[in-house]
Each structure stands twice: as structure tokens, then as C-alpha cells.
Amino acid sequence: MRKKTNLLFLYALAFLVFLYGPVLLLPLFSFNDGLYAIFPLKGFTLKAYQQMAHDPSLVNALKNSLMVATGVSIVSTSFGLLAAMGVTHYKLPGRGPIMSGIMLPMVVPSIILAVALLVILRQVFDIPLTLWTVGAGHVLICVPFSMMVLMARLEGFDKSLEEASADLGESGWMTFWRVTFPLALPGVVSSLLMSFTISLDEYVIAFFLSGLDQTLPIFLYSQLRFPQRLPMTLALGSTILFVSTIIVIVSEIVRRRGVPTTKPSGL
Amino acid sequence: MSDAVRSGIAAEVTRGKGTILQRYPWLHGYALMTPTLVVMLAMLITPLVAMVVRSFWTQNVFEVDTTLTLRNYLQIFGTGEKTTYWMGIPFPFTNPVYVILLVKSILMSLAVTAFVVLLAYPMAYFMAFRVRRHKILWLILITVPIWTSYLLRVFAWKIMLGFNGIINSGLIKLGLIDKPLEFLLYSPTAVMLTLAHAWVAFAILPIYVSLEKVDRSLLEAATDLGDRPWERFWHITLPLSAPGTIATALMVFIPTVGDYVTPALVGGSGGSMIGNTIQILFGRQNDAPLGSAVSIVMMAMVSAVVCLFLWAVGYRKIRAREAI
């Protein structure tokens with residue numbers, strides 16, 4: 001028995017190396033003083049990072065991405081919260097099919113969503129492609145995630161708290177602000193952070209639905225074609241990795257606080 | 001206040017309470033879901049329907065002909081005199097490139113899915129049954145890669161597998177090879193490896209959840225009745241975790257068939273998949289109707305494979321067993 005445990009533990013370690021190894025190469029080489037990402041490393045430098053700060057199109061793409069991601073996270077969390085309340089508080093007829101419909105964007109290949117949206121925006125309604133269309137596309141893929149996170153949170157708490165508030169004479173609106181919302185808050189925070197990262201990282205939909213304004217992933221992708229710009233691309237990639245890792249860790253800690261780890265619905 | 005007035009007010013109040021919303025409380029639920037449902041209707045259902053309609057139109061250089069025809073589908077499935085062979089499979093189509101790419105994408109995705117599930121299952125098992133302390137740490141460790149940039153992970157593999165990449169330069173340093181291995185990058189293998197790496201973290205959580213739900217007393221009972229650990233796993237743990245594992249397989253398989261970033265970055269011409277064709281049709285070739293038709297055929301074929309798979313593993317039996 002003892003031996004088996006160790007074998008599985010070794011497997012888990014090897015798994016983590018496989019999972020993290022390739023990705024950690026990006027920050028490693030971003031500090032390397034050389035044009036190619038090859039061993040042996042040459043010397044430590046922050047040149048690439050300085051270069052990054054002075055690239056106007058990068059700064060612009062970053063600004064665009066932050067705007068879109070902020071808007072998307074707020075909209076998708078509000079929609080997700082309302083929908084999660086609807087699903088958890090009421091016995092909805094036809095809940096099954098509706099839920100699978102809402103969760104569909106999580107499994108449909110994003111290229112299908114992107115081209116379908118492109119067709120309807122450009123050829124049916126003739127709406128020009130801007131950051132707004134990118135944001136709309138991102139809301140579509142973020143709402144299911146927001147809803148899932150918030151449903152898990154809302155299912156966990158005692159419904160009698162809301163009933164008590166209503167019995168004590170609070171209006172529906174005040175009950176929401178003073179009971180439901182504070183209880184859902186960890187879920188709200190993690191949904192905000194999660195949709196923010198999804199939007200910040202998303203490439204395919206952004207590529208199809210953006211006009212002339214680049215978002216960060218589009219900029220990054222366009223840089224991959226130029227070998228001489230590799231150091232800067234690596235630096236940019238490492239920065240994105242670092243920021244999204246921090247956001248994900250914070251969001252996970254917030255979400256799991258108070259949820260017993262043995263409870264699978266807490267995932 | 002007279003009794004008549006009082007009862008009149010009471011009647012008014014009851015009638016007021018008897019609104020549709022009061023009688024059917026679930027309408028409140030749907031009212032709350034309205035924004036989400038509008039998003040889904042406007043941005044998921046309508047575009048997909050528009051795409052289906054468009055697939056029956058045709059593109060004439062600059063204009064779209066809106067008469068309904070099957071021309072796009074004939075372009076995909078039209079049979080001709082010559083038969084093209086791909087991996088020994090005959091494709092008797094005039095223009096076999098689409099069907100071959102579809103079959104190739106599905107086969108590659110199936111391989112990726114199998115690989116991902118085989119890699120993820122032991123890890124999920126470890127986390128569900130062996131980890132006692134620091135469970136949150138393990139959970140976070142496998143959650144972080146899910147949400148950190150997909151594009152960057154593909155990029156990392158490009159650096160690893162490249163002509164001058166880490167693997168090639170490392171092997172040369174070690175004296176194992178004297179020329180860089182060209183097949184590492186820009187091949188179906190590179191695409192499958194990268195896809196597996198990108199999706200494997202995603203696969204652990206659902207399997208972990210289903211393993212975590214397995215009733216431990218069943219395992220104790222099996223041990224008491226003399227089952228060896230392996231038998232115990234085979235008779236209890238594996239069947240009980242089957243639904244989660246099957247769901248995971250679908251969650252990996254369906255999106256990877258249409259993936260286009262990975263083949264575009266590490267696939268080269270040999271490793272390209274159907275997603276790249278769709279992108280080209282909608283982009284450079286400016287043939288949205290044919291692109292729509294290819295997309296729809298892809299989704300139909302994916303659904304067919306999914307149904308076949310669920311039938312083959314006896315999903316209905318598994319579900320029925322779950323319900324008991």
C-alpha cells in the first residue's frame with residue numbers, strides 16, 4: 001500500500017512538471033540576453049521588458065484589452081448573478097434544456113461561435129466591427145462560467161435567511177442588497193476575476209470580431225511571426241502569465257473560502 | 001369602516017395577489033434569467049440559424065446569391081470519378097480536401113482525448129484518494145493552467161519543438177542526434193501534443209469531482225469481502241467515476257476538433273485541421289456560404305461521433321445506474 005502511494009505521488013509530481021515546465025520557459029527566456037530561445041542561457045537582462053513599455057501599439061492593445069475585459073466581467077457577472085438567482089430560487093419548468101442551451105458556448109468550438117457571430121454582425125445587421133463587438137462575443141462565452149460559479153455559491157447557503165428578511169418586512173430589492181448579495185459576494189468576486197481573465201486571454205473570437213483595434217492576444221499573435229521580436233514577445237507573454245496567474249489564485253481563494261473542500265459542488 | 005368596504009378591500013387585495021406572477025412563481029425565475037436568455041438567443045441561437053441558412057446560399061465573387069441550393073454541400077460531398085486515398089481510406093469525392101480534413105481532425109481529436117483522459121485520471125485519483133492535507137493547494141495548482149493564456153501555452157510548445165528549439169538543441173548537445181529533427185515542429189504529432197497539454201488540466205477537475213463522490217464505505221465493504229485493491233478499483237471506483245470521465249472526454253473532444261490556433265502555430269501544412277480551413281474560407285477566400293456549410297458538416301460529424309461514443313460505452317445504462 002505504502003509503495004503504491006509513492007508511485008502515485010511521483011506520477012503527480014511528474015504531471016506537474018509536464019503541466020508547468022513548458023510554460024515556465026517563457027519567463028525564463030524572457031530574461032535571457034539573446035535573440036533565440038535556446039540553451040545555454042546567455043546573461044540576465046531586462047532589455048525586453050523595457051522595450052515592451054516603449055512600444056506604442058502594445059500599450060494601445062493593452063489599453064483596449066483592459067477596457068474590454070473590465071466591461072465584460074461586469075456585464076457577465078451581473079447577468080450570471082441574476083440568472084443564477086433565477087435557477088436556484090425557483091423551480092423552473094424546462095430547466096434542463098435551458099441550462100444545456102446556456103452552457104453550450106462552453107463546448108462549441110470557439111471558431112464556430114466566432115464565424116457565426118461574424119456572419120450575423122457583418123452580413124445581416126451590417127454592424128461595424130469594434131471593441132464593442134469583441135466585448136459582446138466575450139460576454140457570450142463568459143456568462144456560462146459566471147453562472148456556474150454563482151450557482152454553486154447560491155446553492156450553498158440557507159434560503160431561510162432570505163425568507164426571514166422578507167418576513168421582517170424588507171422589500172425584495174433590500175433583501176437582495178442586504179442578504180443575497182453579501183452572501184453571494186465571494187462568488188461575485190471570483191466571477192468578476194474569472195471573466196476578466198477569460199476575456200483578457202481570448203484570441204479566436206477577438207480576432208474575428210475586432211476591426212482595426214487590436215486586443216493584447218491579437219497583438220501577441222501578430223508578433224509571433226517576427227523572429228527578431230522574440231525577446232519582447234516572451235516578455236509580454238511572461239507578463240500576461242504572471243498577471244493572470246495572480247488573478248486566478250486570488251479568485252480561487254476567494255471562491256473556496258467557506259466552502260468545505262470535501263463538497264464537490266464547491267468546484 | 002363598514003364590513004362591506006373591508007371585504008371589498010380584502011377582495012381587491014386577493015385579486016391583486018392573484019396576478020400571473022403570484023400564481024406562477026417560476027415566472028420570476030425566468031424574469032431574472034431574461035438578460036442571459038436574450039444574450040443566448042441573440043448571440044448563439046440566431047447566429048447559428050443564420051449560419052444554417054447561409055450555408056444554402058452561394059458566393060459569386062463579390063455578391064451573395066440568396067437562392068437556396070445544395071451547391072456548397074455538393075462541393076464538400078460531390079462524388080467524382082477519381083478516388084483519393086488518405087491513410088488507406090478511399091475518398092471518392094471530386095473535392096476530397098474537406099472530408100479528408102474533417103476525418104483527420106476528428107481522428108486527431110480522438111487521439112488527444114484518449115491521451116488527455118489517460119493522463120488526467122491517475123492525477124484526479126491521486127487528488128481524490130491520496131491527498132489529505134493541502135488539498136486546496138493541489139486544486140489551485142491544477143486550476144491555474146486552465147485559465148492562463150492558451151495562446152501562450154501553444155507558443156511555449158513552439159519554442160520547445162522548434163528547429164532550433166530546446167528539444168533539438170538539447171539532443172544535439174547530448175550528442176544523440178547531429179541534425180535537428182524536423183518532424184518535431186509542424187506535424188500532426190506536434191499539434192496533438194500541444195492540444196493534449198492545453199486540455200489536460202481542464203480534464204482533471206470533472207474526473208476529480210466524480211471520484212470524490214464515490215462512497216468510501218463501498219470501498220471498505222469490498223475490502224472486507226476480500227477484494228484486492230485492483231478488483232476494488234475495477235468493480236467500484238471505475239464504474240462510479242464513469243459519468244464524470246465520459247463528460248470530460250466530451251468536453252475535450254468537441255472543442256478540440258475545431259481548434260485553429262494550435263494547428264496554425266505548430267501544425268504547419270501537414271498538421272492543419274478543419275478549423276484552419278474554416279478560417280481561410282471566411283477570411284482570405286471570402287466564401288462565407290461554403291465556410292458555413294463546412295462548419296455545419298463539422299458540427300454534424302462531431303455530434304454523430306459523440307452519439308456513437310455514448311452508445312458504445314452504454315451511457316444510458318450508466319445514467320440509469322446513477323439514478324438508483
# chains A, B, ... in the order shown; residues from 1 in each chain; ligands from 1
>>> residues_around(residues="region 116-120 of chain A", least_positions_apart="2", cutoff="7 Å", atoms="only C-alpha atoms", output="PyMOL selection string")
(chain A and resi 112-114+122-125+208-209) or (chain B and resi 43+47-48+50-51)
>>> select_by_dssp(residues="region 85-248 of chain B", states="strand (DSSP E or B)", output="list in words")
Tyr85, Trp86, Ile89, Pro90, Phe91, Pro92 and Phe93 of chain B
>>> write_last_selection(atoms="N, CA, C and O atoms", output="short mmCIF file (atom, residue, chain, number, x, y, z; two decimals), in the first residue's frame")
data_model
loop_
_atom_site.label_atom_id
_atom_site.label_comp_id
_atom_site.auth_asym_id
_atom_site.auth_seq_id
_atom_site.Cartn_x
_atom_site.Cartn_y
_atom_site.Cartn_z
N TYR B 85 -6.93 8.53 -51.91
CA TYR B 85 -6.67 7.71 -50.72
C TYR B 85 -5.92 8.52 -49.68
O TYR B 85 -4.96 9.23 -50.01
N TRP B 86 -6.42 8.47 -48.47
CA TRP B 86 -5.69 9.11 -47.37
C TRP B 86 -5.59 8.10 -46.26
O TRP B 86 -6.60 7.60 -45.78
N ILE B 89 -7.63 5.03 -46.61
CA ILE B 89 -9.09 5.12 -46.67
C ILE B 89 -9.46 5.77 -48.00
O ILE B 89 -8.91 6.82 -48.34
N PRO B 90 -10.37 5.15 -48.77
CA PRO B 90 -10.75 5.78 -50.04
C PRO B 90 -11.74 6.92 -49.84
O PRO B 90 -12.68 6.80 -49.04
N PHE B 91 -11.52 8.01 -50.54
CA PHE B 91 -12.44 9.14 -50.51
C PHE B 91 -12.88 9.44 -51.93
O PHE B 91 -12.15 10.10 -52.67
N PRO B 92 -14.05 8.95 -52.36
CA PRO B 92 -14.43 9.09 -53.76
C PRO B 92 -15.07 10.43 -54.07
O PRO B 92 -16.14 10.50 -54.67
N PHE B 93 -14.45 11.53 -53.66
CA PHE B 93 -15.05 12.85 -53.87
C PHE B 93 -14.27 13.65 -54.90
O PHE B 93 -13.05 13.51 -55.00
#
>>> interface_residues(of="chain B", to="chain A", cutoff="6 Å", atoms="only C-alpha atoms", output="list in words")
Trp26, Gly29, Leu32, Met33, Pro35, Thr36, Pro47, Leu48, Met51, Met123, Thr148, Ser149, Arg153, Ala156, Ile166, Val209, Pro255 and Gly258 of chain B
>>> write_last_selection(atoms="C-alpha atoms", output="mmCIF file, in the first residue's frame")
data_model
loop_
_atom_site.group_PDB
_atom_site.id
_atom_site.type_symbol
_atom_site.label_atom_id
_atom_site.label_comp_id
_atom_site.auth_asym_id
_atom_site.auth_seq_id
_atom_site.Cartn_x
_atom_site.Cartn_y
_atom_site.Cartn_z
ATOM 1 C CA TRP B 26 -41.323 30.400 -11.670
ATOM 2 C CA GLY B 29 -37.145 32.930 -12.161
ATOM 3 C CA LEU B 32 -34.304 37.042 -13.608
ATOM 4 C CA MET B 33 -32.846 34.949 -16.408
ATOM 5 C CA PRO B 35 -30.707 39.111 -19.794
ATOM 6 C CA THR B 36 -28.853 35.800 -20.084
ATOM 7 C CA PRO B 47 -26.227 33.355 -35.453
ATOM 8 C CA LEU B 48 -26.312 29.568 -35.693
ATOM 9 C CA MET B 51 -25.311 30.199 -40.487
ATOM 10 C CA MET B 123 -3.861 12.599 -11.266
ATOM 11 C CA THR B 148 -3.756 31.194 -18.097
ATOM 12 C CA SER B 149 -3.399 32.014 -21.714
ATOM 13 C CA ARG B 153 0.965 27.625 -23.918
ATOM 14 C CA ALA B 156 5.744 27.667 -25.336
ATOM 15 C CA ILE B 166 15.045 23.301 -26.744
ATOM 16 C CA VAL B 209 -15.358 15.562 -8.656
ATOM 17 C CA PRO B 255 -13.829 21.877 -28.801
ATOM 18 C CA GLY B 258 -12.456 22.867 -34.308
#
>>> residues_around(residues="Val294 (chain B)", least_positions_apart="3", cutoff="10 Å", atoms="only C-alpha atoms", output="compact mmCIF listing (two decimals) with C-alpha atoms, in the first residue's frame")
# COMPACT_ATOMS: atom_id res chain seq x y z
CA SER B 55 -24.92 27.52 -45.98
CA ASN B 72 -21.95 24.14 -51.05
CA TYR B 73 -22.76 20.71 -49.71
CA GLN B 75 -18.82 20.91 -53.20
CA ILE B 76 -17.99 19.05 -49.99
CA TYR B 98 -12.84 18.94 -46.86
CA VAL B 99 -13.92 15.44 -45.92
CA LEU B 102 -12.72 16.60 -41.24
CA ILE B 274 -10.59 21.79 -40.28
CA GLY B 275 -10.61 24.96 -38.14
CA THR B 277 -9.95 25.73 -43.45
CA ILE B 278 -12.97 27.43 -41.90
CA LEU B 281 -12.94 30.31 -46.10
CA ALA B 288 -18.93 32.62 -46.09
CA PRO B 289 -21.60 30.28 -47.53
CA LEU B 290 -19.13 27.46 -48.16
CA GLY B 291 -17.48 28.22 -44.81
CA VAL B 297 -20.90 19.50 -41.56
CA MET B 298 -18.20 19.59 -38.90
CA MET B 299 -20.74 20.03 -36.10
CA ALA B 300 -22.93 17.28 -37.54
>>> select_by_dssp(residues="region 10-218 of chain A", states="alpha helix (DSSP H)", output="MDAnalysis selection string")
chainID A and resid 10:30 47:53 56:89 95:107 110:118 131:156 160:167 172:175 181:201 204:209 216:218
>>> atom_distance(atom1="CA of Val149 (chain A)", atom2="CA of Leu41 (chain B)")
21.7 Å
>>> atom_distance(atom1="CA of Val254 (chain A)", atom2="CA of Pro186 (chain A)")
5.5 Å
>>> residues_around(residues="region 130-142 of chain B", least_positions_apart="3", cutoff="6 Å", atoms="only C-alpha atoms", output="list in words")
Phe126, Met127 and Ala201 of chain B
>>> atom_distance(atom1="CA of Arg23 (chain B)", atom2="CA of Glu162 (chain A)")
20.1 Å
>>> closest_residue(among="A:Thr239, A:Arg178, A:Gly71, A:Leu230", to="Leu192 (chain A)", atoms="only C-alpha atoms")
A:Gly71
